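Chemist: Structure incoming, see below.
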Amino acid sequence: MTELIDFISNNLQMIYIVILMIFVGVEIIGHVPAVLHTPLMSGANAIHGVVIIGAILVLLGADADNILAQALGFVAVLLGTLNVVGGFVVTDRMLEMFKKKK
Amino acid sequence: MEYIFSLEFIYLIASITYILGLKMLGHPETARRGNLIAAGGMTLAIFGTIFLHQGEVLTQTYLLIGSAILIGTIIGWAIAKKVAMTKMPELVSLFNGMGGASAALIGLIEFNHYVGDTMSIVTILAGIIIGSISFSGSMIAWAKLNGTLNKPLRLPKYNMLNNVIFIVLVAFAAYMTYIGTGSQLYLYILFFGALAYGILFVLPIGGADMPVVISLLNSFTGLAAALGGFLYGNMVMLTGGILVGSAGTILTFAMCDAMNRSLFNVIFGGFGDTDASIEGSSSSVKGSIKKTTASDVAILMNYSQRIIFVPGYGLAVAQAQHAIHELEQLLVAKGIEVKYAIHPVAGRMPGHMNVLLAETNVDYDKLAEMEDVNPEFSNTDVVFVVGANDVVNPAAHNDPSSPIYGMPILDVENAKQIIVNKRSMKPGYAGIENELFFNQKTSMLFGDAKTVIQSLITEIKGM
């Protein structure tokens, strides 16, 4: 229990961010036309590719002689990149088609 | 001034681009720019993380990171650019799985470094569980959407079994935290257990509900990324992850809304393939169907004033979107009014049909949404249903025992004539019979959508 309370007091700033971001996320979705559900989902999908930052940090901090950590970290960065690049490109392709035709 | 070049400041900018990007993605005019803005922020955050890293880093590590990013970029770009528009939904699922796997791997590697630090271990184990579920679940969703797995598989008492597995997983993670173990064996048991749960969680859910599942897993991955942010005290991971987690959850509910189903129902309730509903609805639908030929339909269309096309997944599967656009142009040139009625969940994802038809340069104004087009059916001469089934099933209005009862549908039965193109009498994704096909005004035009539409084009051109 004390650990939990310590944790909260030590990470108060992050907890604030979490709470505010939850509301921001809820608010910005609001009333999206059904037509845009798929691109929106795809765009959100690309944004959680931010997990790649964590994967990069793992590799940056990994011991040079820990082969397993290096290999797994490499795969994590690779997969994260796929998520980011694939996600944004595919969303762009979807949205490209929505542009108004003359 | 120096602060401008600090990593914290870059992360702040990146976080703002995510919020702005997601916001802009919600409006048709700004959507594309929003996506690019978020992508720009992400690129900034990635390069900042690498180049502004404090501390000694070996050249070989940089090479490792650089090559992983390079390979990932090339593959990701190539897949995203090449894939056919019909395959979009499963691709999103695939990329989502990659993110989940990445989050789980981070947890697997970092576990050792944080043994003894209770809250960090909780964060890591939660990240592993959520990331793994998201990964294996997304892979199943992907396989279901591309047809590799097209039958919902159900173990006996699957709901209870799944819940038990989930509770055991959480209890096991809690136990690991409690005893403060550093055991790699336990860690991998948890990892594979979570993978198995992800598979079992998605397997029983029908293919028609996959969009909802993908959206849900999408927010899971967001959560997993945010947990990583908590672990490292990394603001950009935290903001990006939580943002997707909460926005994704709202989007999931919005999708359920469009189908008039609850999330609980999607996950725990069988849809269409429970035995009772198949027997129940097949016995309630009686009568005979009328078959017609392409030349009859061509004549009918040629002498109509108003025609509405109702495209469904069958159109996408047959790759008939170009053909139907050609048919539309041909009819419009003859002075006939043509529209497309788009059900919000037509195809395999909300908005799937719009994307598909937009690809073939169909005029945006010709795509009518359900609420706008429903009152128009009564003064429409011909409705041409191509590969759609459940979204035009009147059982949603008048059969309380039907699993789709209450779902908003396109009221095509109000039109003067209904032509239904299907490959066979096989029920649609929900696995239920459609009394529309037995309607007096309905004629069935069997065959592959593309072949059928092409022969319609030939017939009409000859008139």
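To be explicit about the labels: the chains of the structure tokens are called A, B, and onward in the order shown, and within each one the residues are counted from 1, while ligands get numbers from 1 in the order they are shown.
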Taking only C-alpha atoms into account, produce a table as a tab-separated table in which each residue of chain A with an atom at most 7 Å from an atom of chain B appears once, together with its shortest atom pair and the distance in Å to one decimal, ordered by chain and rising number.
Modeler:
```
residue	atom	partner	partner_atom	distance
A:Val18	CA	B:Ile242	CA	6.4
A:Met21	CA	B:Leu243	CA	5.6
A:Ile22	CA	B:Ser246	CA	5.3
A:Gly25	CA	B:Ala247	CA	4.4
A:Val26	CA	B:Ala247	CA	5.3
A:Ile28	CA	B:Lys23	CA	5.2
A:Ile29	CA	B:Ala247	CA	6.0
A:Val32	CA	B:Gly26	CA	5.2
A:Ala34	CA	B:Pro344	CA	5.9
A:Val35	CA	B:Gly351	CA	4.1
A:Leu36	CA	B:Gly351	CA	6.1
A:His37	CA	B:Pro350	CA	5.8
A:Thr38	CA	B:Gly351	CA	5.7
A:Leu40	CA	B:Leu25	CA	5.8
A:Met41	CA	B:Ser215	CA	6.5
A:Ser42	CA	B:Val92	CA	6.0
A:Gly43	CA	B:Asn35	CA	6.4
A:Ala44	CA	B:Val244	CA	5.6
A:Asn45	CA	B:Asn96	CA	6.0
A:Ile47	CA	B:Gly240	CA	6.3
A:His48	CA	B:Gly222	CA	5.0
A:Gly49	CA	B:Gly99	CA	5.7
A:Val50	CA	B:Met237	CA	5.7
A:Val51	CA	B:Ala225	CA	4.9
A:Ile53	CA	B:Ile46	CA	6.2
A:Gly54	CA	B:Gly228	CA	6.3
A:Ala55	CA	B:Ile106	CA	6.0
A:Ile56	CA	B:Ile65	CA	6.8
A:Val58	CA	B:Ile106	CA	6.8
A:Leu59	CA	B:Thr61	CA	6.8
A:Leu60	CA	B:Val57	CA	6.5
A:Ala69	CA	B:Ile109	CA	5.8
A:Leu72	CA	B:Leu105	CA	6.5
A:Phe74	CA	B:Ala68	CA	6.0
A:Ala76	CA	B:Ser102	CA	4.4
A:Val77	CA	B:Ala68	CA	6.0
A:Leu78	CA	B:Ala68	CA	4.7
A:Leu79	CA	B:Met98	CA	5.0
A:Gly80	CA	B:Gly99	CA	5.4
A:Thr81	CA	B:Gly72	CA	5.0
A:Leu82	CA	B:Gly76	CA	4.7
A:Asn83	CA	B:Phe95	CA	4.7
A:Val85	CA	B:Gly76	CA	5.6
A:Gly86	CA	B:Gly76	CA	4.4
A:Gly87	CA	B:Phe95	CA	6.5
A:Phe88	CA	B:Ala39	CA	6.4
A:Val89	CA	B:Ala80	CA	6.0
A:Val90	CA	B:Ala80	CA	5.0
A:Asp92	CA	B:Arg32	CA	6.2
A:Met94	CA	B:Val355	CA	6.2
A:Leu95	CA	B:Arg32	CA	5.6
A:Glu96	CA	B:Arg32	CA	7.0
A:Met97	CA	B:Ala358	CA	5.2
A:Phe98	CA	B:Ala358	CA	6.2
A:Lys100	CA	B:Tyr364	CA	6.8
A:Lys101	CA	B:Asp363	CA	6.5
```
Chemist: When you look at B:Phe201 with a cut-off of 10 Å (counting only C-alpha atoms), what residues show up, excluding the ones that are within fewer than 3 positions of it in the same chain? I need them as a PDB file with N, CA and C atoms, in the first residue's frame.
Modeler:
```
ATOM      1  N   ILE B 133      -1.715  -9.941 -26.181  1.00  0.00           N
ATOM      2  CA  ILE B 133      -3.109 -10.170 -26.582  1.00  0.00           C
ATOM      3  C   ILE B 133      -3.388  -9.420 -27.869  1.00  0.00           C
ATOM      4  N   SER B 136      -1.489 -11.363 -30.863  1.00  0.00           N
ATOM      5  CA  SER B 136      -2.055 -12.622 -31.358  1.00  0.00           C
ATOM      6  C   SER B 136      -3.507 -12.425 -31.799  1.00  0.00           C
ATOM      7  N   GLY B 137      -4.240 -11.556 -31.074  1.00  0.00           N
ATOM      8  CA  GLY B 137      -5.608 -11.273 -31.485  1.00  0.00           C
ATOM      9  C   GLY B 137      -5.671 -10.645 -32.865  1.00  0.00           C
ATOM     10  N   ILE B 140      -5.145 -13.172 -35.585  1.00  0.00           N
ATOM     11  CA  ILE B 140      -6.342 -13.972 -35.853  1.00  0.00           C
ATOM     12  C   ILE B 140      -7.347 -13.140 -36.661  1.00  0.00           C
ATOM     13  N   TYR B 158     -16.774 -21.676 -24.393  1.00  0.00           N
ATOM     14  CA  TYR B 158     -15.629 -20.810 -24.670  1.00  0.00           C
ATOM     15  C   TYR B 158     -15.614 -19.522 -23.855  1.00  0.00           C
ATOM     16  N   ASN B 159     -16.809 -18.967 -23.585  1.00  0.00           N
ATOM     17  CA  ASN B 159     -16.840 -17.720 -22.824  1.00  0.00           C
ATOM     18  C   ASN B 159     -16.266 -17.890 -21.436  1.00  0.00           C
ATOM     19  N   LEU B 161     -14.392 -20.388 -20.419  1.00  0.00           N
ATOM     20  CA  LEU B 161     -12.993 -20.788 -20.554  1.00  0.00           C
ATOM     21  C   LEU B 161     -12.106 -19.558 -20.708  1.00  0.00           C
ATOM     22  N   ASN B 162     -12.506 -18.640 -21.606  1.00  0.00           N
ATOM     23  CA  ASN B 162     -11.717 -17.431 -21.842  1.00  0.00           C
ATOM     24  C   ASN B 162     -11.597 -16.586 -20.585  1.00  0.00           C
ATOM     25  N   ASN B 163     -12.727 -16.435 -19.905  1.00  0.00           N
ATOM     26  CA  ASN B 163     -12.681 -15.625 -18.691  1.00  0.00           C
ATOM     27  C   ASN B 163     -11.767 -16.241 -17.647  1.00  0.00           C
ATOM     28  N   ILE B 165      -9.200 -18.218 -18.217  1.00  0.00           N
ATOM     29  CA  ILE B 165      -7.806 -18.033 -18.640  1.00  0.00           C
ATOM     30  C   ILE B 165      -7.329 -16.620 -18.310  1.00  0.00           C
ATOM     31  N   PHE B 166      -8.207 -15.651 -18.562  1.00  0.00           N
ATOM     32  CA  PHE B 166      -7.816 -14.267 -18.311  1.00  0.00           C
ATOM     33  C   PHE B 166      -7.554 -14.036 -16.819  1.00  0.00           C
ATOM     34  N   LEU B 195      -0.449 -14.726 -25.205  1.00  0.00           N
ATOM     35  CA  LEU B 195      -0.603 -14.966 -26.639  1.00  0.00           C
ATOM     36  C   LEU B 195      -1.778 -15.908 -26.890  1.00  0.00           C
ATOM     37  N   ALA B 196      -1.823 -16.982 -26.108  1.00  0.00           N
ATOM     38  CA  ALA B 196      -2.898 -17.967 -26.271  1.00  0.00           C
ATOM     39  C   ALA B 196      -4.251 -17.327 -25.987  1.00  0.00           C
ATOM     40  N   TYR B 197      -4.293 -16.470 -24.966  1.00  0.00           N
ATOM     41  CA  TYR B 197      -5.562 -15.825 -24.653  1.00  0.00           C
ATOM     42  C   TYR B 197      -6.028 -14.955 -25.807  1.00  0.00           C
ATOM     43  N   GLY B 198      -5.095 -14.215 -26.414  1.00  0.00           N
ATOM     44  CA  GLY B 198      -5.443 -13.360 -27.551  1.00  0.00           C
ATOM     45  C   GLY B 198      -6.094 -14.171 -28.665  1.00  0.00           C
ATOM     46  N   PRO B 204     -13.655 -17.009 -31.454  1.00  0.00           N
ATOM     47  CA  PRO B 204     -15.100 -17.258 -31.545  1.00  0.00           C
ATOM     48  C   PRO B 204     -15.885 -16.113 -32.158  1.00  0.00           C
ATOM     49  N   ILE B 205     -15.263 -14.967 -32.369  1.00  0.00           N
ATOM     50  CA  ILE B 205     -16.001 -13.805 -32.871  1.00  0.00           C
ATOM     51  C   ILE B 205     -16.108 -13.880 -34.387  1.00  0.00           C
ATOM     52  N   VAL B 213     -13.475  -5.584 -33.375  1.00  0.00           N
ATOM     53  CA  VAL B 213     -12.384  -6.235 -32.654  1.00  0.00           C
ATOM     54  C   VAL B 213     -11.058  -5.535 -32.933  1.00  0.00           C
ATOM     55  N   ILE B 267     -18.458  -9.373 -28.154  1.00  0.00           N
ATOM     56  CA  ILE B 267     -17.430 -10.240 -27.591  1.00  0.00           C
ATOM     57  C   ILE B 267     -18.005 -11.540 -27.047  1.00  0.00           C
ATOM     58  N   PHE B 268     -19.121 -11.421 -26.345  1.00  0.00           N
ATOM     59  CA  PHE B 268     -19.626 -12.623 -25.677  1.00  0.00           C
ATOM     60  C   PHE B 268     -20.802 -13.278 -26.381  1.00  0.00           C
TER      61      PHE B 268
END
```
Chemist: So what do you get for atom CA of B:Lys366 versus atom CA of B:Phe384, distance-wise?
Modeler: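 A separation of 14.7 Å between them.
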Chemist: When DSSP is applied to the backbone of this structure, which of stretch 357-422 of chain B are assigned strand (DSSP E or B)? Write them out as a list in words.
Modeler: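 Output for stretch 357-422 of chain B, strand (DSSP E or B) only: Leu367, Ala368, Glu369, Val382, Val383, Phe384, Val385, Val386, Gln417, Ile418, Ile419, Val420, Asn421 and Lys422 of chain B.
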Chemist: Quote the spacing between atom CA of B:Ile409 and atom CA of B:Ala396 in Å to one decimal place.
Modeler: 7.0 Å
